[in-house]
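Everything below concerns the one structure shown next.
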Amino acid sequence: MRTETIVMAGQDDDPPGGDTQLAVKPKSKSKRPPLYKVLLLNDDFTPMEFVVMVLERFFGMNHAQAFEIMLTVHKRGLAVVGVFSYEIAETKVNQVMEMARQHQHPLQCTMERE
Ligand code: TYC
């Protein structure tokens, strides 16, 4: 029979706040991961209802929010539809572009660093 000893924080001999003491003090610059804006672009052909559906499905908006953002894109040319980590933003862009492709709409979605 295998036995294991589980040592929990504060129950061992190490100094508090960590596992073992480091020989070199770490730089205390806490770098947050960069964020990326996902942008939706206007065009003359993609149906408004399609854009609303995309915003509901991939950006968690309710119908009223989605309709409002769609109208902003329609009137102003583009809008930020969300801000995410690189990976999440990339996934959203790919999901939108794939859905547009499947329906043969020219809808464009891009990302840029905030
Ligand atoms: N301009 C499109 C139309 O009049 C609607 C539209 C809105 C298209 C937002 C794209 O990202 C978009 N049918």
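For the structure tokens, the naming scheme is as follows: chains receive sequential letters (A, B, ...) according to their order of presentation, residues are indexed from 1 within each chain, and ligands are indexed from 1 in presentation order.
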Each range 23-60 of chain A residue no farther than 6 Å from range 81-84 of chain A, nearest pair in Å, only C-alpha atoms, as a tab-separated table:
```
residue	atom	partner	partner_atom	distance
A:Leu35	CA	A:Phe84	CA	5.5
A:Tyr36	CA	A:Phe84	CA	5.4
A:Lys37	CA	A:Val83	CA	4.5
A:Val38	CA	A:Gly82	CA	5.4
A:Leu39	CA	A:Val81	CA	5.8
```
Inset, instruction - Give the residue list for ligand 1 at 8 Å, counting only C-alpha atoms and all ligand atoms, as a PyMOL selection string, sorted by chain and then by residue number. - result: chain A and resi 40-48+51+70-75+77-78+107-109
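Take CA of Ala79 in chain A and CA of Thr91 in chain A: the distance between them is 17.9 Å.
The environment of Val54 in chain A within 9 Å, counting only C-alpha atoms and disregarding residues fewer than 5 places along the same chain, consists of A:Glu49, A:Phe59, A:Ala66, A:Val96, A:Met99, A:Ala100.
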Legend entry - All strand (DSSP E or B) residues (DSSP, backbone) inside range 21-109 of chain A, as a PyMOL selection string: chain A and resi 36-41+78-84+108-109
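Distances from A:His103, A:Ser28, A:Phe67, A:Pro34 to Glu87 in chain A were compared using only C-alpha atoms, and the smallest one belongs to A:Pro34.
Proximity to Gln102 in chain A was assessed for A:Glu114, A:Phe50, A:Arg76, A:Lys31 counting only C-alpha atoms; the smallest distance is recorded for A:Phe50.
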Inset, instruction - Can you work out the spacing between CA of Val93 in chain A and CA of Ser30 in chain A in Å, to one decimal? - result: 28.4 Å
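Restricting the calculation to only C-alpha atoms, the smallest distance between Lys92 in chain A and any of A:Val80, A:Phe58, A:Ala64, A:Arg32 is found for A:Phe58.
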